[in-house]
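Report on the structure given below.
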Protein chains: 2
Amino acid sequence: MEDITNVAKVPKGSFYNHFGSKEDLLLEVLGRYKAESPRAVLSDQSLSPLKRLKKYFEQFAQTFVERKCQRGCMFGNVAIEMADHSAAVQAYLANTFVGWAELIAGVIAEAQDQGELKTDEDPASLAGFLLSAWQGTLLRVRATRDPKLVKEFQRIAFGVLLI
Amino acid sequence: MEDITNVAKVPKGSFYNHFGSKEDLLLEVLGRYKAESPRAVLSDQSLSPLKRLKKYFEQFAQTFVERKCQRGCMFGNVAIEMADHSAAVQAYLANTFVGWAELIAGVIAEAQDQGELKTDEDPASLAGFLLSAWQGTLLRVRATRDPKLVKEFQRIAFGVLLI
């Protein structure tokens, strides 16, 4: 808290003039993180659905590797660190992860409709599994510091799961 | 620290008689967690390789859901919470996650050899992706509190990824 008020150059006691609680600050931070996400590419109509999906994970991966395979994804981090401890944060994350999987499922469904994917598996399940695999890849790369796992994710995601 | 010494009924100052550092305590806890893992089933020769793999994730999932979809996997949690902040913990986790993926890859290779799986995809990559998807599933279930995602994991893992 003191670090934050120091950086903001406001008196230590004034934090609660701006935020109702520490949770409120976290929800504000999560909202800003979401606004900066590369998800706009998922609705870029100049690209085919499958190309959008590939580009989305490439962009995400590039940012991650540039940060020395540290930090990961704020939503994943907060899910693990806070979901068990704050109902408000858990509710926010539930909404975020459900919406995220739906967004990806929509692109997969488009790719199926346009014949880019042969699989007739339920798009929602494929999207959920893909999102899980991505979050787990970030987690494993942070543990191992091995960025090759990002390539492994991309190869299996687009060579085995989504074909 | 005080919580721990209170539960252990030892004087607060005696912690460092037992552990060189807080990291040493964490490494001890991780070692005990590993010893309690259901991974023995992966080498149960009374089951076929594919059945071992399914049973392994079923057991893991059951424990998780019984704990109200909270707590997750200690290795995943510590990877996210500590890997960026402690070289000793990161090294321990690197070793753990590499060995874990190798163990699963061995079972997948056996299943391929015995004709239980048709895919000729590299077992190490399939194992890595599977482990990522599992860690990500735990993370997403903690965010959403939706245990159906565990069923989704099992269905796609053994109906699309490993066939």
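Within each chain, counting starts at residue 1; across the structure tokens, chains are named A, B, ... in the order shown, with ligands numbered 1 upward in that order.
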* To do: Write down, as number ranges by chain, each residue of chain A that has any atom within 6 Å of an atom of chain B, counting only C-alpha atoms.
  => A: 79, 83, 90, 93-94, 132-133, 135-137, 143-144, 161
* Asked: Could you name the residues that touch Arg32 (chain B) at 12 Å or less, counting only C-alpha atoms, but leaving out those on the same chain fewer than 5 positions away, as a ChimeraX atom specification?
  -> /B:25-27,37,74-75
Could you write out that same residue set with C-alpha atoms as a short mmCIF file (atom, residue, chain, number, x, y, z; two decimals), in the first residue's frame?
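Dumped everything to out_0.cif:
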data_model
loop_
_atom_site.label_atom_id
_atom_site.label_comp_id
_atom_site.auth_asym_id
_atom_site.auth_seq_id
_atom_site.Cartn_x
_atom_site.Cartn_y
_atom_site.Cartn_z
CA LEU B 25 10.64 -24.82 4.47
CA LEU B 26 8.83 -24.41 1.15
CA LEU B 27 11.12 -26.94 -0.52
CA SER B 37 0.89 -37.37 -5.40
CA MET B 74 0.70 -26.93 -5.19
CA PHE B 75 3.29 -27.07 -7.97
#
Quick one: residues within 6 Å of region 101-112 of chain A, only C-alpha atoms, excluding same-chain residues fewer than 2 positions away - as an mmCIF file with C-alpha atoms, in the first residue's frame?
data_model
loop_
_atom_site.group_PDB
_atom_site.id
_atom_site.type_symbol
_atom_site.label_atom_id
_atom_site.label_comp_id
_atom_site.auth_asym_id
_atom_site.auth_seq_id
_atom_site.Cartn_x
_atom_site.Cartn_y
_atom_site.Cartn_z
ATOM 1 C CA PRO A 49 -10.613 -17.056 -38.422
ATOM 2 C CA LEU A 50 -7.736 -19.542 -38.065
ATOM 3 C CA VAL A 98 -16.169 -17.495 -19.392
ATOM 4 C CA GLY A 99 -16.193 -14.545 -21.817
ATOM 5 C CA GLN A 114 -15.592 -21.625 -43.487
ATOM 6 C CA GLY A 115 -13.968 -25.054 -43.853
ATOM 7 C CA GLU A 116 -10.613 -24.010 -42.353
ATOM 8 C CA LEU A 117 -11.038 -26.707 -39.685
ATOM 9 C CA PRO A 123 -16.209 -25.249 -30.418
ATOM 10 C CA ALA A 124 -16.820 -24.381 -26.750
ATOM 11 C CA ALA A 127 -11.821 -23.303 -26.954
ATOM 12 C CA GLY A 128 -11.850 -24.189 -23.261
#
* To do: Find the spatial neighbours of Tyr56 (chain A), counting only C-alpha atoms, within a cut-off of 8 Å - ignore same-chain residues fewer than 4 positions away - and output them as a list in words.
  => Pro38, Arg39, Val41, Leu42, Arg52 and Phe60 of chain A
Now that the selection is made, can you save its residues with N, CA and C atoms as a PDB file, in the first residue's frame?
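This went into part-v4.pdb:
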ATOM      1  N   PRO A  38      -4.403  -8.315 -26.288  1.00  0.00           N
ATOM      2  CA  PRO A  38      -4.384  -8.329 -27.764  1.00  0.00           C
ATOM      3  C   PRO A  38      -5.642  -8.947 -28.365  1.00  0.00           C
ATOM      4  N   ARG A  39      -6.741  -9.009 -27.603  1.00  0.00           N
ATOM      5  CA  ARG A  39      -7.896  -9.766 -28.102  1.00  0.00           C
ATOM      6  C   ARG A  39      -8.589  -9.123 -29.301  1.00  0.00           C
ATOM      7  N   VAL A  41      -7.437  -8.639 -32.081  1.00  0.00           N
ATOM      8  CA  VAL A  41      -7.059  -9.383 -33.291  1.00  0.00           C
ATOM      9  C   VAL A  41      -8.051 -10.520 -33.573  1.00  0.00           C
ATOM     10  N   LEU A  42      -8.728 -10.997 -32.523  1.00  0.00           N
ATOM     11  CA  LEU A  42      -9.678 -12.109 -32.711  1.00  0.00           C
ATOM     12  C   LEU A  42     -10.891 -11.699 -33.550  1.00  0.00           C
ATOM     13  N   ARG A  52      -6.476 -15.466 -37.413  1.00  0.00           N
ATOM     14  CA  ARG A  52      -6.685 -14.596 -36.245  1.00  0.00           C
ATOM     15  C   ARG A  52      -6.270 -15.294 -34.964  1.00  0.00           C
ATOM     16  N   PHE A  60       0.501 -12.813 -27.869  1.00  0.00           N
ATOM     17  CA  PHE A  60       0.525 -13.065 -26.438  1.00  0.00           C
ATOM     18  C   PHE A  60       1.886 -13.667 -26.053  1.00  0.00           C
TER      19      PHE A  60
END
* DSSP helix (DSSP H, G or I) residues within chain B, listed as a ChimeraX atom specification -> /B:2-7,12-18,22-35,38-43,49-66,74-82,87-113,123-144,148-161
* Coordinates-based distance that separates CA of Val65 (chain A) from CA of Ala8 (chain A) (Å, one decimal) -> 29.2 Å
